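Remarks on the structure that follows.
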Protein chains: 2
Amino acid sequence: MAVNLKIPKKVFAIEGIGIGVTEAGIKKENRKDLTIFKLDEGTTLSGVFTKNLFCAAPVQIAKKHLLSGKPVRSLVINTGNANAGTGQKGLKDAQKICNCLGSLLKIEDCQVLPFSTGVVLEPLPVEKIVNNLDKAILKIDKNNWMDAAYGIMTTDTTPKIFSEQFIIGERTFTITGISKGAGMIHPNMATMLGFIGTDLGIKQQLLDKIIKDIADQSFNRITIDGDTSTNDSFIIMATGKSNIQINSENDSNYNTVLDALSKAASDLSQKIVRDAEGATKFITLQVEQAASKEEALSIAYSVAKSPLVKTAFYASDPNIGRILVAIGYSNTNIPINKIKIWLNDLLIVENGELSESYTEESGKKIMEQQEITIKISLNNGYFSEKVYTCDLSHDYITINADYRS
Amino acid sequence: MAVNLKIPKKVFAIEGIGIGVTEAGIKKENRKDLTIFKLDEGTTLSGVFTKNLFCAAPVQIAKKHLLSGKPVRSLVINTGNANAGTGQKGLKDAQKICNCLGSLLKIEDCQVLPFSTGVVLEPLPVEKIVNNLDKAILKIDKNNWMDAAYGIMTTDTTPKIFSEQFIIGERTFTITGISKGAGMIHPNMATMLGFIGTDLGIKQQLLDKIIKDIADQSFNRITIDGDTSTNDSFIIMATGKSNIQINSENDSNYNTVLDALSKAASDLSQKIVRDAEGATKFITLQVEQAASKEEALSIAYSVAKSPLVKTAFYASDPNIGRILVAIGYSNTNIPINKIKIWLNDLLIVENGELSESYTEESGKKIMEQQEITIKISLNNGYFSEKVYTCDLSHDYITINADYRS
């Protein structure tokens with residue numbers, strides 16, 4: 001069961017983006033597993049990808065196609081197979097899909113980006129995908145975002161979708177996006193995908209910068225079990241159909257646009273944590289007054305990744321010591337006697353020791369909640385960072401130790 | 001249940017080291033929880049300690065006393081309370097224990113090293129310790145190593161002891177040691193302790209070097225959940241009573257001695273992994289042909305710490321993909337198409353892909369064993385490193401999520 005994961009009541013279409021979703025029988029029959037995005041001419045697109053050395057074949061091809069400089073006009077996403085660790089055959093398969101879709105849509109193959117998610121180390125059933133591309137194309141419609149949210153799921157328990165309209169002066173722009181996450185079973189899901197569409201017009205170089213900044217604060221700030229998958233990809237597509245055009249950071253509407261896109265990316269990335277395997281709690285690590293960004297992140301991740309901290313949260317046990325221990329091995333050199341820590345609004349540590357006002361009972365009351373912020377103030381500088389994670393439960397072990405049948 | 005953890009049939013005393021163990025009622029009644037080591041004059045001693053910033057009070061005092069330059073003549077170890085995160089009071093308590101034991105043994109307080117293990121963030125019941133020092137002194141005897149192995153346990157399921165005699169020419173020397181580990185419950189155990197005694201004579205400066213080298217290959221090469229505790233300490237005591245004296249690395253017997261001490265430290269540290277919380281398998285990560293020590297360790301730890309790899313081993317599921325994924329995010333830049341991986345003697349990955357000879361059945365057969373070596377050959381240089389870990393099971397979650405009653 002996902003933790004407070006809300007599905008928007010209304011999903012807005014993005015003018016200039018058509019979506020077709022179909023069943024290709026890649027891993028299971030009667031399951032939507034093949035999704036195509038078709039982008040109108042004039043759309044700008046940027047992507048960020050996994051840094052895992054075993055970067056999957058579709059990621060390698062997508063990066064290559066982006067480097068061609070030709071405008072991307074289509075995305076093709078399959079679930080059920082990650083096409084990762086598949087060597088030369090994997091690359092050929094991913095390329096073949098782009099070639100076929102390109103010729104069906106009458107665009108160049110380098111204008112297609114492929115994405116795969118699902119089982120690692122198994123050959124991609126490429127014919128099933130290629131043979132169903134025409135069926136997916138027939139279904140293309142701008143109102144299919146929810147279908148796509150289902151179509152990219154693997155072991156996600158719920159679709160993840162963001163959709164909102166924003167106002168600039170008297171004009172409106174729309175952002176809709178989908179993501180999928182946190183499933184690594186049977187035997188490995190390779191995992192995180194995020195796609196955001198908007199009818200804003202955003203100049204290519206600016207979008208390239210925006211996506212990096214946004215990813216850094218959203219998809220790069222979540223940790224479930226510390227494993228970075230081979231297929232992680234995050235894409236923003238800007239069609240320009242709203243007639244709101246942003247060309248530089250000096251544009252008077254830049255901050256409004258950046259905030260709106262950040263909101264979408266934060267929402268979609270946090271939904272992945274909320275639906276993490278076995279998660280029963282959503283935990284925000286907020287490190288403040290650090291001497292550097294690196295110091296803040298090192299401490300935040302040290303706490304967020306500690307199995308002992310995560311099991312304590314699962315048990316609703318205010319094991320403050322485990323938080324201190326994790327800070328202590330964070331590979332930083334902070335003055336520990338200046339540290340203050342809060343659980344939500346409750347001060348639990350002061351001067352590096354248990355706060356005198358703290359009681360076990362008050363700690364337990366907060367630990368029982370589903371949304372908990374651990375705020376760590378270092379009194380060591382001016383940098384702040386946030387990282388999002390979840391608890392570590394029996395279900396995580398059950399799901400990940402579940403033998404492939 | 002510990003994994004293949006063997007208790008030696010015969011435990012040899014070390015001439016020059018007396019041990020007294022008693023019940024001080026620190027956390028529970030009728031439990032051996034207070035241990036004293038008394039060292040004959042002429043004994044050299046070296047120690048290595050946790051690098052956790054929240055280093056516990058006894059560790060701080062032990063380091064201070066070692067810096068005094070006066071020969072250490074006694075150790076005092078309590079379980080049931082780690083005296084960690086206890087601020088100024090904690091330091092005073094640890095010092096008080098040294099003062100009292102010093103005056104009872106008629107040595108200076110700086111000749112006593114204190115050690116504590118047990119609950120974090122709770123005040124040490126110092127009076128219970130101080131009031132029972134005389135009782136422990138009365139029990140001092142050279143044959144009490146097994147009592148001490150029990151006396152330092154926290155949630156260990158079994159005592160951890162090494163004892164062996166070695167021969168140099170016609171002379172014999174003896175090494176006996178104890179360790180305790182892997183319990184972080186109720187609410188935090190602060191954790192790893194190791195004490196090795198030998199009747200070798202080893203010059204102080206040489207022992208200082210030896211302990212670092214040995215710790216680096218033993219106590220610093222084990223990972224259970226990636227958490228470094230606030231109290232980790234490892235001590236070697238060399239009494240010289242065997243009349244075998246080693247003064248420098250050029251001594252003809254140096255390698256024999258180093259190998260023997262390494263064997264003891266490896267055995268005691270690996271026993272901690274074998275008795276890790278919830279462990280059902282003992283896993284060796286062996287990285288070979290790396291370009292540097294750092295590269296080898298980075299890859300070994302990345303795999304050893306991956307919850308996805310560890311749950312796969314728990315499930316006896318040959319999830320090769322998870323190993324590749326963990327190598328891929330190891331923050332190295334190795335040529336992945338040169339990687340070979342073996343599970344014990346079974347080649348599973350070649351040229352960075354699943355080996356053609358590999359079958360799921362053969363992989364599963366090895367995954368079902370209790371002792372598994374993952375050998376990763378990088379074909380990238382001449383450095384090798386080994387790291388020891390265990391699987392991640394339901395019992396780990398149960399133990400660590402168990403609420404304090």
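By order in the structure tokens, chains are A, B, ...; within a chain, residues start at 1; ligands start at 1, following the order shown.
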
Counting only C-alpha atoms, chain B residues within 8 Å of chain A, as a PyMOL selection string: chain B and resi 51-55+85-87+120-121+184+187-188+225-230+306-308+311-312+314-315+317+319+321-322+324-329+333+336+352-354+392-394+397-398+400-404

At a cut-off of 10 Å, can you tabulate as CSV every residue of range 142-184 of chain A near range 11-20 of chain A together with its closest atom pair and the distance in Å to one decimal, using only C-alpha atoms and ordering rows by chain then number?
```
residue,atom,partner,partner_atom,distance
A:Lys142,CA,A:Gly18,CA,4.2
A:Asn143,CA,A:Ala13,CA,5.3
A:Asn144,CA,A:Ile19,CA,5.5
A:Trp145,CA,A:Ile19,CA,6.9
A:Met146,CA,A:Val11,CA,7.5
A:Asp147,CA,A:Gly20,CA,8.3
A:Ala148,CA,A:Ile19,CA,7.3
A:Gly151,CA,A:Gly20,CA,9.6
A:Ile161,CA,A:Val11,CA,8.2
A:Phe162,CA,A:Val11,CA,7.7
A:Ser163,CA,A:Val11,CA,5.4
A:Glu164,CA,A:Phe12,CA,7.0
A:Gln165,CA,A:Phe12,CA,7.9
A:Phe173,CA,A:Ile14,CA,9.1
A:Thr174,CA,A:Ile14,CA,6.7
A:Ile175,CA,A:Ile14,CA,7.3
A:Thr176,CA,A:Phe12,CA,6.6
A:Gly177,CA,A:Val11,CA,9.4
```

When you look at Glu350 in chain B with a cut-off of 7 Å (counting only C-alpha atoms), what residues show up, excluding the ones that are within fewer than 5 positions of it in the same chain? I need them as a ChimeraX atom specification. /B:339-341,355

Counting only C-alpha atoms, what is within 10 Å of Glu371 in chain A, bar same-chain residues fewer than 5 positions away, as a PyMOL selection string? chain A and resi 3-4+274+280-284+344+366+390

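Within the 10 Å cut-off around Phe49 in chain B, using only C-alpha atoms and omitting residues fewer than 2 positions from it on the same chain, the listed residues are Gly47, Lys51, Asn52, Cys55, Val59, Gln60, Ala62, Lys63, Met192, Leu193, Ala215, Thr230, Asn231, Asp232, Ser233, Phe234 and Ile235 of chain B.
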
Excluding same-chain residues fewer than 4 positions from range 131-137 of chain B, what lies within 6 Å of it counting only C-alpha atoms, as a ChimeraX atom specification? /B:20-22,24,127

Selected residues, C-alpha atoms, written as a PDB file, in the first residue's frame, please.
```pdb
ATOM      1  CA  GLY B  20      38.296 -11.556  36.054  1.00  0.00           C
ATOM      2  CA  VAL B  21      34.612 -11.637  35.097  1.00  0.00           C
ATOM      3  CA  THR B  22      31.700 -10.892  37.410  1.00  0.00           C
ATOM      4  CA  ALA B  24      27.453  -6.184  38.244  1.00  0.00           C
ATOM      5  CA  GLU B 127      28.145   2.951  40.732  1.00  0.00           C
TER       6      GLU B 127
END
```

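Those residues of range 233-320 of chain A that DSSP, working from the backbone, places in strand (DSSP E or B) are Ser233, Phe234, Ile235, Ile236, Met237, Ala238, Gln245, Ile246, Phe282, Ile283, Thr284, Leu285, Gln286, Val287, Glu288, Gln289 and Ala290 of chain A.
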
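Between CA of Lys386 in chain A and CA of Ser262 in chain A there is a distance of 13.7 Å.
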
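A straight line drawn from CA of Tyr301 in chain A to CA of Asn220 in chain A is 11.3 Å long.
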
Taking only range 28-273 of chain A into account, list the residues labelled helix (DSSP H, G or I) by DSSP (computed from the backbone), as a PyMOL selection string. chain A and resi 57-67+87-105+109-111+126-130+133-138+145-151+204-217+219-221+254-273
